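Text of the file upload12.txt, holding compact mmCIF, C-alpha atoms:
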```
# COMPACT_ATOMS: atom_id res chain seq x y z
CA MET A 272 0.00 0.00 0.00
CA ARG A 273 1.53 3.31 -1.07
CA LEU A 274 1.05 6.21 1.35
CA ALA A 275 1.83 9.80 0.39
CA THR A 276 1.63 13.30 1.81
CA PHE A 277 1.73 16.53 -0.19
CA ASN A 278 1.33 20.18 0.81
CA LEU A 279 -0.36 21.61 -2.28
CA LEU A 280 0.18 25.35 -1.76
CA SER A 281 -3.37 25.51 -3.17
CA GLY A 282 -2.07 23.83 -6.32
CA ARG A 283 -0.05 26.88 -7.33
CA SER A 284 3.10 26.83 -9.45
CA LEU A 285 6.17 28.63 -8.16
CA GLN A 286 6.92 29.75 -11.72
CA ASP A 287 3.81 31.85 -12.34
CA GLY A 288 1.68 31.54 -9.18
CA ARG A 289 -1.19 29.98 -11.12
CA ALA A 290 -3.21 26.94 -10.05
CA ASP A 291 -4.25 24.52 -12.78
CA ALA A 292 -6.71 21.70 -12.05
CA GLU A 293 -5.23 19.36 -14.65
CA ALA A 294 -1.72 19.91 -13.30
CA LEU A 295 -3.00 18.90 -9.87
CA ALA A 296 -4.66 15.77 -11.26
CA ALA A 297 -1.48 14.87 -13.17
CA ALA A 298 0.60 15.30 -9.99
CA VAL A 299 -1.68 12.92 -8.09
CA ARG A 300 -1.49 10.39 -10.90
CA THR A 301 2.31 10.64 -10.80
CA LEU A 302 2.32 9.81 -7.10
CA ASP A 303 -0.22 6.99 -7.64
CA PRO A 304 -0.96 6.59 -3.90
CA ASP A 305 -3.44 4.27 -2.22
CA VAL A 306 -3.81 6.81 0.60
CA LEU A 307 -3.00 10.50 0.15
CA ALA A 308 -2.79 13.22 2.80
CA LEU A 309 -3.17 16.77 1.47
CA GLN A 310 -2.53 20.13 3.10
CA GLU A 311 -3.30 23.70 1.98
CA VAL A 312 -6.25 22.47 -0.05
CA ASP A 313 -8.65 24.93 -1.74
CA ARG A 314 -12.36 24.56 -2.30
CA HIS A 315 -14.28 27.22 -4.30
CA GLN A 316 -11.33 29.65 -4.07
CA PRO A 317 -11.01 32.22 -6.88
CA ARG A 318 -7.20 31.86 -6.87
CA SER A 319 -7.51 28.18 -7.87
CA GLY A 320 -10.37 28.52 -10.35
CA GLY A 321 -13.19 27.78 -7.92
CA VAL A 322 -12.60 24.01 -8.03
CA ASP A 323 -12.80 21.39 -5.28
CA GLN A 324 -9.17 20.27 -5.09
CA ALA A 325 -9.86 17.31 -2.78
CA GLN A 326 -12.42 16.00 -5.28
CA ILE A 327 -9.95 16.45 -8.14
CA ALA A 328 -7.37 14.39 -6.25
CA ALA A 329 -9.94 11.71 -5.43
CA SER A 330 -11.01 11.43 -9.07
CA ALA A 331 -7.39 11.32 -10.28
CA MET A 332 -6.58 8.33 -8.07
CA ASP A 333 -9.98 6.62 -8.46
CA ALA A 334 -10.49 6.81 -4.71
CA ALA A 335 -13.13 4.93 -2.77
CA GLU A 336 -13.60 7.76 -0.27
CA HIS A 337 -12.21 11.12 0.74
CA ARG A 338 -12.78 13.78 3.37
CA PHE A 339 -12.04 17.49 3.16
CA VAL A 340 -11.91 19.42 6.43
CA PRO A 341 -12.34 23.18 5.89
CA LEU A 342 -10.42 25.23 8.44
CA VAL A 343 -10.45 28.75 6.97
CA ARG A 344 -13.19 30.72 5.21
CA GLY A 345 -12.16 33.24 2.61
CA THR A 346 -8.67 33.40 1.17
CA PRO A 347 -5.88 33.25 3.79
CA GLY A 348 -3.94 36.49 4.05
CA THR A 349 -6.65 38.63 2.45
CA LYS A 350 -9.26 40.89 4.01
CA GLY A 351 -12.11 39.09 5.72
CA TRP A 352 -10.57 35.63 6.05
CA GLY A 353 -10.91 33.75 9.32
CA PRO A 354 -11.82 30.46 10.99
CA VAL A 355 -14.57 28.42 9.40
CA PRO A 356 -17.89 28.78 11.28
CA PRO A 357 -19.51 25.61 12.70
CA GLU A 358 -21.74 25.36 9.61
CA PRO A 359 -20.03 26.96 6.59
CA SER A 360 -22.21 28.02 3.68
CA ASP A 361 -22.22 25.85 0.57
CA GLY A 362 -20.09 27.40 -2.14
CA GLN A 363 -18.16 29.63 0.27
CA PRO A 364 -14.41 29.76 -0.44
CA THR A 365 -12.64 27.55 2.09
CA TYR A 366 -9.19 26.13 2.69
CA GLY A 367 -8.05 23.15 4.76
CA ILE A 368 -6.78 19.57 4.76
CA ALA A 369 -7.92 16.33 3.15
CA LEU A 370 -7.41 12.59 3.23
CA VAL A 371 -8.07 10.49 0.13
CA THR A 372 -8.10 6.68 0.04
CA ARG A 373 -8.61 3.84 -2.39
CA ARG A 374 -9.11 1.49 0.54
CA PRO A 375 -12.55 1.16 2.20
CA VAL A 376 -12.95 3.12 5.43
CA GLU A 377 -14.54 1.73 8.59
CA SER A 378 -14.85 5.13 10.31
CA TRP A 379 -13.84 8.77 9.91
CA HIS A 380 -12.78 11.16 12.68
CA VAL A 381 -11.82 14.83 12.89
CA LEU A 382 -9.54 15.93 15.74
CA ARG A 383 -9.40 19.66 16.51
CA LEU A 384 -5.95 20.86 17.59
CA GLY A 385 -6.45 24.59 18.19
CA ARG A 386 -4.18 27.40 16.98
CA ALA A 387 -1.56 29.86 18.19
CA ARG A 388 -2.62 33.28 19.41
CA GLY A 389 -1.24 36.50 17.98
CA ARG A 390 0.16 37.42 14.56
CA TYR A 391 3.27 35.95 12.92
CA PRO A 392 5.43 36.68 9.83
CA ILE A 393 4.86 34.50 6.76
CA LEU A 394 6.88 34.60 3.53
CA LEU A 395 4.53 34.52 0.54
CA PRO A 396 5.71 32.77 -2.68
CA THR A 397 5.13 35.86 -4.82
CA THR A 398 7.49 37.55 -7.29
CA PRO A 399 9.31 39.14 -5.59
CA PRO A 400 8.67 37.28 -2.31
CA ARG A 401 7.02 39.37 0.40
CA VAL A 402 6.39 38.98 4.11
CA VAL A 403 2.97 39.46 5.70
CA TRP A 404 1.98 39.27 9.35
CA ILE A 405 -1.00 37.01 9.85
CA PRO A 406 -2.69 35.10 12.66
CA ASP A 407 -2.28 31.35 12.79
CA GLU A 408 -5.10 29.32 11.25
CA PRO A 409 -7.07 26.63 13.09
CA ARG A 410 -5.39 23.23 12.99
CA ALA A 411 -6.95 19.77 12.84
CA ALA A 412 -6.34 16.19 11.80
CA VAL A 413 -8.61 14.07 9.61
CA VAL A 414 -8.40 10.39 10.47
CA ALA A 415 -9.53 7.24 8.65
CA VAL A 416 -9.74 3.82 10.26
CA LEU A 417 -9.31 1.53 7.25
CA ALA A 418 -11.30 -1.66 7.01
CA GLU A 419 -8.63 -3.61 5.07
CA PRO A 420 -5.95 -3.66 6.28
CA ARG A 421 -7.42 -2.54 9.60
CA MET A 422 -5.27 0.38 10.65
CA THR A 423 -5.50 4.08 11.45
CA ILE A 424 -4.17 6.79 9.14
CA ALA A 425 -4.19 10.45 10.17
CA ALA A 426 -3.47 13.52 8.04
CA THR A 427 -2.62 16.90 9.52
CA HIS A 428 -0.97 20.28 9.00
CA LEU A 429 0.42 21.65 12.25
CA SER A 430 1.08 25.25 13.22
CA PHE A 431 4.16 27.06 11.92
CA VAL A 432 4.63 28.59 15.40
CA PRO A 433 7.49 26.87 17.29
CA GLY A 434 6.34 25.13 20.45
CA VAL A 435 2.68 25.32 19.53
CA ASN A 436 3.19 22.61 16.91
CA VAL A 437 4.83 20.36 19.51
CA VAL A 438 1.83 20.76 21.83
CA GLN A 439 -0.50 19.95 18.92
CA LEU A 440 1.53 16.86 18.04
CA ARG A 441 1.30 15.56 21.60
CA ARG A 442 -2.43 16.26 21.66
CA LEU A 443 -2.81 14.32 18.43
CA ARG A 444 -0.82 11.36 19.78
CA ALA A 445 -3.10 11.17 22.82
CA ALA A 446 -6.21 11.20 20.64
CA LEU A 447 -4.89 8.51 18.28
CA ARG A 448 -4.12 6.09 21.13
CA GLY A 449 -7.80 5.13 21.26
CA LEU A 450 -7.90 4.10 17.59
CA PRO A 451 -6.77 0.76 16.09
CA ALA A 452 -3.08 -0.04 15.55
CA PRO A 453 -1.00 0.07 13.49
CA ARG A 454 -1.19 3.85 13.20
CA VAL A 455 0.38 6.15 10.61
CA LEU A 456 0.59 9.94 10.70
CA LEU A 457 1.06 11.80 7.41
CA GLY A 458 1.45 15.52 6.90
CA ASP A 459 3.25 18.81 7.03
CA LEU A 460 4.20 18.99 10.70
CA ASN A 461 6.28 22.20 10.42
CA LEU A 462 8.89 20.39 12.53
CA PRO A 463 12.28 19.44 11.08
CA GLY A 464 14.11 16.15 10.70
CA GLY A 465 13.87 13.63 13.51
CA LEU A 466 12.10 15.95 15.98
CA PRO A 467 8.52 14.72 15.33
CA ALA A 468 9.57 11.08 15.78
CA ARG A 469 11.24 11.94 19.11
CA VAL A 470 8.19 13.87 20.32
CA LEU A 471 5.79 11.07 19.38
CA GLY A 472 8.01 8.09 20.12
CA TRP A 473 6.97 6.79 16.67
CA ARG A 474 9.16 5.48 13.86
CA PRO A 475 9.97 7.46 10.69
CA LEU A 476 8.76 5.54 7.62
CA ALA A 477 10.36 7.85 5.04
CA VAL A 478 13.31 10.21 5.41
CA GLY A 479 14.38 12.95 3.01
CA PRO A 480 14.33 16.75 2.62
CA THR A 481 11.01 18.11 1.31
CA PHE A 482 11.22 21.92 1.65
CA PRO A 483 11.68 24.26 -0.15
CA ALA A 484 10.84 22.34 -3.31
CA PRO A 485 13.45 23.76 -5.74
CA ALA A 486 16.39 22.90 -3.43
CA PRO A 487 15.08 21.19 -0.29
CA ARG A 488 17.10 21.57 2.90
CA LEU A 489 14.58 20.47 5.53
CA GLN A 490 12.19 17.59 6.03
CA ILE A 491 9.00 19.09 7.45
CA ASP A 492 6.66 16.67 5.66
CA HIS A 493 6.57 13.33 7.45
CA ALA A 494 5.30 9.75 7.46
CA LEU A 495 5.50 8.29 10.97
CA GLY A 496 4.37 4.89 12.22
CA ASP A 497 3.23 3.47 15.56
CA ALA A 498 3.10 -0.33 15.92
CA VAL A 499 3.99 -0.68 12.24
CA PRO A 500 6.04 -3.91 11.95
CA ALA A 501 9.78 -3.37 11.57
CA GLY A 502 10.80 -3.53 7.94
CA ALA A 503 7.25 -3.05 6.65
CA GLU A 504 8.20 0.16 4.81
CA HIS A 505 9.77 0.07 1.34
CA SER A 506 10.80 2.47 -1.42
CA PRO A 507 10.55 5.83 0.35
CA LEU A 508 10.53 8.60 -2.23
CA VAL A 509 10.68 12.40 -2.27
CA THR A 510 9.13 13.73 -5.49
CA GLN A 511 9.33 17.20 -7.01
CA LEU A 512 6.16 18.10 -8.90
CA PRO A 513 5.27 21.11 -11.10
CA LEU A 514 3.30 22.75 -8.30
CA SER A 515 3.77 23.77 -4.66
CA ASP A 516 6.75 24.91 -2.60
CA HIS A 517 6.96 21.43 -1.01
CA ARG A 518 8.03 18.13 -2.47
CA ALA A 519 5.73 15.16 -1.98
CA LEU A 520 6.78 12.33 0.34
CA SER A 521 5.67 8.74 -0.25
CA VAL A 522 6.41 5.26 1.08
CA GLU A 523 5.14 1.76 0.45
CA VAL A 524 4.00 -0.20 3.50
CA ASP A 525 3.52 -3.98 3.43
CA LEU A 526 1.38 -5.21 6.34
```
Give the structure from this file in structure tokens form.
Amino acid sequence: MRLATFNLLSGRSLQDGRADAEALAAAVRTLDPDVLALQEVDRHQPRSGGVDQAQIAASAMDAAEHRFVPLVRGTPGTKGWGPVPPEPSDGQPTYGIALVTRRPVESWHVLRLGRARGRYPILLPTTPPRVVWIPDEPRAAVVAVLAEPRMTIAATHLSFVPGVNVVQLRRLRAALRGLPAPRVLLGDLNLPGGLPARVLGWRPLAVGPTFPAPAPRLQIDHALGDAVPAGAEHSPLVTQLPLSDHRALSVEVDL
């Protein structure tokens, strides 16, 4: 079973800043995952052509099921954006995370992880690059308990604020303990190298620099396993694709 995680940057290209639905579909087909965790996913956003990017990914990989969790309404960094209300309006521009799977799902769960207070500097991938000060966005994990093989897979995008992301990771570990093993966490954790594995006490399933995409120096995108049999992981791969400022991370797991 091939597992992958990819921070989409809303499907935008670093070359021209544009988001193309077919380029996104082609990227997903290149990865060819059985389970795909996505971060920075747009739905009905003008900047990405108003499409449902989670649905595009699901169609591209002929998925059995998928879940999109909207976390922000409006376009992040622009006037009027903010946390998604409890019942967002249909068709409203939103932004969040998703989990897509070809394998049947026994149950779905959403774990809310909170957000940092205050405003923080973010470098935008514009030409030329510019820095804006923005509040952190709400953070969550979307979790699927697969029916076959029976296991738990979680997808998340943690805060970029140091320390806050460690607290969120520990909160997520505690919540996942009640779900079936083996357990795998996929996502952009905004924590470098071996730090997430040490915080969780879980095993890295794939190691390699993923950010920034043109010349990656850091691994902040991770695949971590709990109670995954030793040696079950094969062919870890870091893949540069024609979109996003992250490279995709994938690994095959034989249970």
- What is the atom CA of A:Thr372-atom CA of A:Gln490 distance in Å, reported with one decimal?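 Spanning atom CA of A:Thr372 to atom CA of A:Gln490 is a straight-line distance of 23.8 Å.
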- For A:Leu384, which residue among A:Ala290, A:Val437, A:Val355, A:Ala275 is the nearest when counting all atoms listed in the file?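 With all atoms listed in the file as the atom set, the closest residue is A:Val437.
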I'd like the neighbourhood of A:Ser281 as a short mmCIF file (atom, residue, chain, number, x, y, z; two decimals) with C-alpha atoms, in the coordinates of the input, where a residue qualifies if any of its atoms comes within 12 Å (using all atoms listed in the file), though same-chain residues fewer than 2 positions away should be ignored.
```cif
data_model
loop_
_atom_site.label_atom_id
_atom_site.label_comp_id
_atom_site.auth_asym_id
_atom_site.auth_seq_id
_atom_site.Cartn_x
_atom_site.Cartn_y
_atom_site.Cartn_z
CA PHE A 277 1.73 16.53 -0.19
CA ASN A 278 1.33 20.18 0.81
CA LEU A 279 -0.36 21.61 -2.28
CA ARG A 283 -0.05 26.88 -7.33
CA SER A 284 3.10 26.83 -9.45
CA LEU A 285 6.17 28.63 -8.16
CA GLY A 288 1.68 31.54 -9.18
CA ARG A 289 -1.19 29.98 -11.12
CA ALA A 290 -3.21 26.94 -10.05
CA ASP A 291 -4.25 24.52 -12.78
CA ALA A 292 -6.71 21.70 -12.05
CA ALA A 294 -1.72 19.91 -13.30
CA LEU A 295 -3.00 18.90 -9.87
CA LEU A 309 -3.17 16.77 1.47
CA GLN A 310 -2.53 20.13 3.10
CA GLU A 311 -3.30 23.70 1.98
CA VAL A 312 -6.25 22.47 -0.05
CA ASP A 313 -8.65 24.93 -1.74
CA ARG A 314 -12.36 24.56 -2.30
CA HIS A 315 -14.28 27.22 -4.30
CA GLN A 316 -11.33 29.65 -4.07
CA PRO A 317 -11.01 32.22 -6.88
CA ARG A 318 -7.20 31.86 -6.87
CA SER A 319 -7.51 28.18 -7.87
CA GLY A 320 -10.37 28.52 -10.35
CA GLY A 321 -13.19 27.78 -7.92
CA VAL A 322 -12.60 24.01 -8.03
CA ASP A 323 -12.80 21.39 -5.28
CA GLN A 324 -9.17 20.27 -5.09
CA ALA A 325 -9.86 17.31 -2.78
CA THR A 346 -8.67 33.40 1.17
CA PRO A 347 -5.88 33.25 3.79
CA THR A 365 -12.64 27.55 2.09
CA TYR A 366 -9.19 26.13 2.69
CA GLY A 367 -8.05 23.15 4.76
CA ILE A 368 -6.78 19.57 4.76
CA PRO A 396 5.71 32.77 -2.68
CA LEU A 514 3.30 22.75 -8.30
CA SER A 515 3.77 23.77 -4.66
CA ASP A 516 6.75 24.91 -2.60
CA HIS A 517 6.96 21.43 -1.01
#
```
- Can you work out which one of A:Val435, A:Ala477, A:Ala484, A:Val509 has the shortest atom-to-atom distance to A:Val524, counting only C-alpha atoms?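 Of A:Val435, A:Ala477, A:Ala484, A:Val509, the one nearest A:Val524, counting only C-alpha atoms, is A:Ala477.
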- Residues within 12 Å of (1.0, -4.4, -1.5), file coords, all atoms listed in the file, listed as a PyMOL selection string: chain A and resi 272-274+304-305+374+419-420+503-506+522-526
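The spacing separating atom CA of A:Ser378 from atom CA of A:Met332 amounts to 20.4 Å.
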- Residue with the minimum atom-to-atom distance to A:Leu382, picked from A:Leu342, A:Ile491, A:Ala519, A:Ala468 with only C-alpha atoms counted, is A:Leu342
- Using all atoms listed in the file: which of A:Val432, A:Leu520, A:Leu471, A:Leu466 has the shortest distance to A:Asp492: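 Of A:Val432, A:Leu520, A:Leu471, A:Leu466, the one nearest A:Asp492 is A:Leu520, counting all atoms listed in the file.
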- One decimal, Å: what's the distance from atom CA of A:Ser430 over to atom CA of A:Leu394, could you say? 14.7 Å
- Nearest candidate to A:Arg474 (options A:Asn461, A:Asp333, A:Arg488, A:Pro500; using only C-alpha atoms):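 Ranking A:Asn461, A:Asp333, A:Arg488, A:Pro500 by distance to A:Arg474, first place goes to A:Pro500.
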- Item | Selected residue of minimal separation from A:Leu456 among A:Asp361, A:Ala308, A:Thr398, A:Trp352, counting all atoms listed in the file |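 Residue with the minimum atom-to-atom distance to A:Leu456: A:Ala308.
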Only C-alpha atoms, as a PDB file, in the first residue's frame: that is what I want for stretch 398-504 of chain A.
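Writing done, so here's result-v5.pdb:
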```
ATOM      1  CA  THR A 398       7.486  37.548  -7.291  1.00  0.00           C
ATOM      2  CA  PRO A 399       9.306  39.139  -5.590  1.00  0.00           C
ATOM      3  CA  PRO A 400       8.672  37.279  -2.308  1.00  0.00           C
ATOM      4  CA  ARG A 401       7.018  39.366   0.398  1.00  0.00           C
ATOM      5  CA  VAL A 402       6.391  38.982   4.110  1.00  0.00           C
ATOM      6  CA  VAL A 403       2.974  39.464   5.703  1.00  0.00           C
ATOM      7  CA  TRP A 404       1.978  39.274   9.350  1.00  0.00           C
ATOM      8  CA  ILE A 405      -1.000  37.009   9.848  1.00  0.00           C
ATOM      9  CA  PRO A 406      -2.690  35.098  12.657  1.00  0.00           C
ATOM     10  CA  ASP A 407      -2.277  31.346  12.789  1.00  0.00           C
ATOM     11  CA  GLU A 408      -5.096  29.318  11.249  1.00  0.00           C
ATOM     12  CA  PRO A 409      -7.073  26.631  13.087  1.00  0.00           C
ATOM     13  CA  ARG A 410      -5.385  23.227  12.990  1.00  0.00           C
ATOM     14  CA  ALA A 411      -6.946  19.774  12.839  1.00  0.00           C
ATOM     15  CA  ALA A 412      -6.344  16.188  11.797  1.00  0.00           C
ATOM     16  CA  VAL A 413      -8.605  14.073   9.611  1.00  0.00           C
ATOM     17  CA  VAL A 414      -8.398  10.391  10.473  1.00  0.00           C
ATOM     18  CA  ALA A 415      -9.528   7.244   8.649  1.00  0.00           C
ATOM     19  CA  VAL A 416      -9.741   3.820  10.260  1.00  0.00           C
ATOM     20  CA  LEU A 417      -9.311   1.531   7.254  1.00  0.00           C
ATOM     21  CA  ALA A 418     -11.301  -1.660   7.010  1.00  0.00           C
ATOM     22  CA  GLU A 419      -8.632  -3.607   5.072  1.00  0.00           C
ATOM     23  CA  PRO A 420      -5.952  -3.659   6.279  1.00  0.00           C
ATOM     24  CA  ARG A 421      -7.416  -2.545   9.604  1.00  0.00           C
ATOM     25  CA  MET A 422      -5.273   0.381  10.653  1.00  0.00           C
ATOM     26  CA  THR A 423      -5.495   4.082  11.453  1.00  0.00           C
ATOM     27  CA  ILE A 424      -4.172   6.795   9.137  1.00  0.00           C
ATOM     28  CA  ALA A 425      -4.190  10.452  10.167  1.00  0.00           C
ATOM     29  CA  ALA A 426      -3.466  13.518   8.043  1.00  0.00           C
ATOM     30  CA  THR A 427      -2.623  16.897   9.519  1.00  0.00           C
ATOM     31  CA  HIS A 428      -0.973  20.276   9.002  1.00  0.00           C
ATOM     32  CA  LEU A 429       0.422  21.650  12.247  1.00  0.00           C
ATOM     33  CA  SER A 430       1.075  25.253  13.224  1.00  0.00           C
ATOM     34  CA  PHE A 431       4.157  27.056  11.917  1.00  0.00           C
ATOM     35  CA  VAL A 432       4.634  28.594  15.397  1.00  0.00           C
ATOM     36  CA  PRO A 433       7.492  26.868  17.285  1.00  0.00           C
ATOM     37  CA  GLY A 434       6.339  25.127  20.452  1.00  0.00           C
ATOM     38  CA  VAL A 435       2.676  25.320  19.533  1.00  0.00           C
ATOM     39  CA  ASN A 436       3.192  22.614  16.905  1.00  0.00           C
ATOM     40  CA  VAL A 437       4.831  20.356  19.512  1.00  0.00           C
ATOM     41  CA  VAL A 438       1.826  20.763  21.829  1.00  0.00           C
ATOM     42  CA  GLN A 439      -0.505  19.953  18.924  1.00  0.00           C
ATOM     43  CA  LEU A 440       1.531  16.865  18.043  1.00  0.00           C
ATOM     44  CA  ARG A 441       1.300  15.556  21.603  1.00  0.00           C
ATOM     45  CA  ARG A 442      -2.431  16.263  21.662  1.00  0.00           C
ATOM     46  CA  LEU A 443      -2.808  14.318  18.430  1.00  0.00           C
ATOM     47  CA  ARG A 444      -0.823  11.357  19.777  1.00  0.00           C
ATOM     48  CA  ALA A 445      -3.100  11.170  22.822  1.00  0.00           C
ATOM     49  CA  ALA A 446      -6.215  11.199  20.643  1.00  0.00           C
ATOM     50  CA  LEU A 447      -4.892   8.513  18.284  1.00  0.00           C
ATOM     51  CA  ARG A 448      -4.123   6.092  21.129  1.00  0.00           C
ATOM     52  CA  GLY A 449      -7.798   5.134  21.259  1.00  0.00           C
ATOM     53  CA  LEU A 450      -7.895   4.098  17.588  1.00  0.00           C
ATOM     54  CA  PRO A 451      -6.767   0.763  16.092  1.00  0.00           C
ATOM     55  CA  ALA A 452      -3.084  -0.038  15.551  1.00  0.00           C
ATOM     56  CA  PRO A 453      -0.999   0.072  13.490  1.00  0.00           C
ATOM     57  CA  ARG A 454      -1.188   3.847  13.195  1.00  0.00           C
ATOM     58  CA  VAL A 455       0.380   6.155  10.605  1.00  0.00           C
ATOM     59  CA  LEU A 456       0.592   9.939  10.703  1.00  0.00           C
ATOM     60  CA  LEU A 457       1.064  11.802   7.407  1.00  0.00           C
ATOM     61  CA  GLY A 458       1.446  15.521   6.896  1.00  0.00           C
ATOM     62  CA  ASP A 459       3.251  18.811   7.027  1.00  0.00           C
ATOM     63  CA  LEU A 460       4.197  18.994  10.699  1.00  0.00           C
ATOM     64  CA  ASN A 461       6.282  22.197  10.417  1.00  0.00           C
ATOM     65  CA  LEU A 462       8.889  20.392  12.527  1.00  0.00           C
ATOM     66  CA  PRO A 463      12.280  19.438  11.077  1.00  0.00           C
ATOM     67  CA  GLY A 464      14.112  16.153  10.702  1.00  0.00           C
ATOM     68  CA  GLY A 465      13.867  13.634  13.511  1.00  0.00           C
ATOM     69  CA  LEU A 466      12.096  15.951  15.977  1.00  0.00           C
ATOM     70  CA  PRO A 467       8.517  14.721  15.332  1.00  0.00           C
ATOM     71  CA  ALA A 468       9.574  11.081  15.776  1.00  0.00           C
ATOM     72  CA  ARG A 469      11.238  11.941  19.106  1.00  0.00           C
ATOM     73  CA  VAL A 470       8.194  13.873  20.322  1.00  0.00           C
ATOM     74  CA  LEU A 471       5.789  11.069  19.377  1.00  0.00           C
ATOM     75  CA  GLY A 472       8.005   8.086  20.117  1.00  0.00           C
ATOM     76  CA  TRP A 473       6.968   6.792  16.670  1.00  0.00           C
ATOM     77  CA  ARG A 474       9.164   5.479  13.862  1.00  0.00           C
ATOM     78  CA  PRO A 475       9.967   7.461  10.686  1.00  0.00           C
ATOM     79  CA  LEU A 476       8.763   5.539   7.623  1.00  0.00           C
ATOM     80  CA  ALA A 477      10.364   7.846   5.037  1.00  0.00           C
ATOM     81  CA  VAL A 478      13.309  10.209   5.411  1.00  0.00           C
ATOM     82  CA  GLY A 479      14.377  12.953   3.010  1.00  0.00           C
ATOM     83  CA  PRO A 480      14.333  16.755   2.617  1.00  0.00           C
ATOM     84  CA  THR A 481      11.013  18.112   1.315  1.00  0.00           C
ATOM     85  CA  PHE A 482      11.225  21.923   1.649  1.00  0.00           C
ATOM     86  CA  PRO A 483      11.683  24.255  -0.146  1.00  0.00           C
ATOM     87  CA  ALA A 484      10.841  22.338  -3.310  1.00  0.00           C
ATOM     88  CA  PRO A 485      13.453  23.764  -5.743  1.00  0.00           C
ATOM     89  CA  ALA A 486      16.387  22.900  -3.431  1.00  0.00           C
ATOM     90  CA  PRO A 487      15.079  21.191  -0.288  1.00  0.00           C
ATOM     91  CA  ARG A 488      17.101  21.568   2.899  1.00  0.00           C
ATOM     92  CA  LEU A 489      14.576  20.472   5.533  1.00  0.00           C
ATOM     93  CA  GLN A 490      12.190  17.594   6.034  1.00  0.00           C
ATOM     94  CA  ILE A 491       9.000  19.088   7.453  1.00  0.00           C
ATOM     95  CA  ASP A 492       6.665  16.665   5.662  1.00  0.00           C
ATOM     96  CA  HIS A 493       6.569  13.327   7.446  1.00  0.00           C
ATOM     97  CA  ALA A 494       5.295   9.747   7.463  1.00  0.00           C
ATOM     98  CA  LEU A 495       5.501   8.289  10.969  1.00  0.00           C
ATOM     99  CA  GLY A 496       4.365   4.886  12.220  1.00  0.00           C
ATOM    100  CA  ASP A 497       3.234   3.472  15.556  1.00  0.00           C
ATOM    101  CA  ALA A 498       3.100  -0.331  15.922  1.00  0.00           C
ATOM    102  CA  VAL A 499       3.989  -0.679  12.236  1.00  0.00           C
ATOM    103  CA  PRO A 500       6.038  -3.915  11.947  1.00  0.00           C
ATOM    104  CA  ALA A 501       9.781  -3.371  11.569  1.00  0.00           C
ATOM    105  CA  GLY A 502      10.804  -3.534   7.936  1.00  0.00           C
ATOM    106  CA  ALA A 503       7.248  -3.049   6.647  1.00  0.00           C
ATOM    107  CA  GLU A 504       8.197   0.157   4.811  1.00  0.00           C
TER     108      GLU A 504
END
```
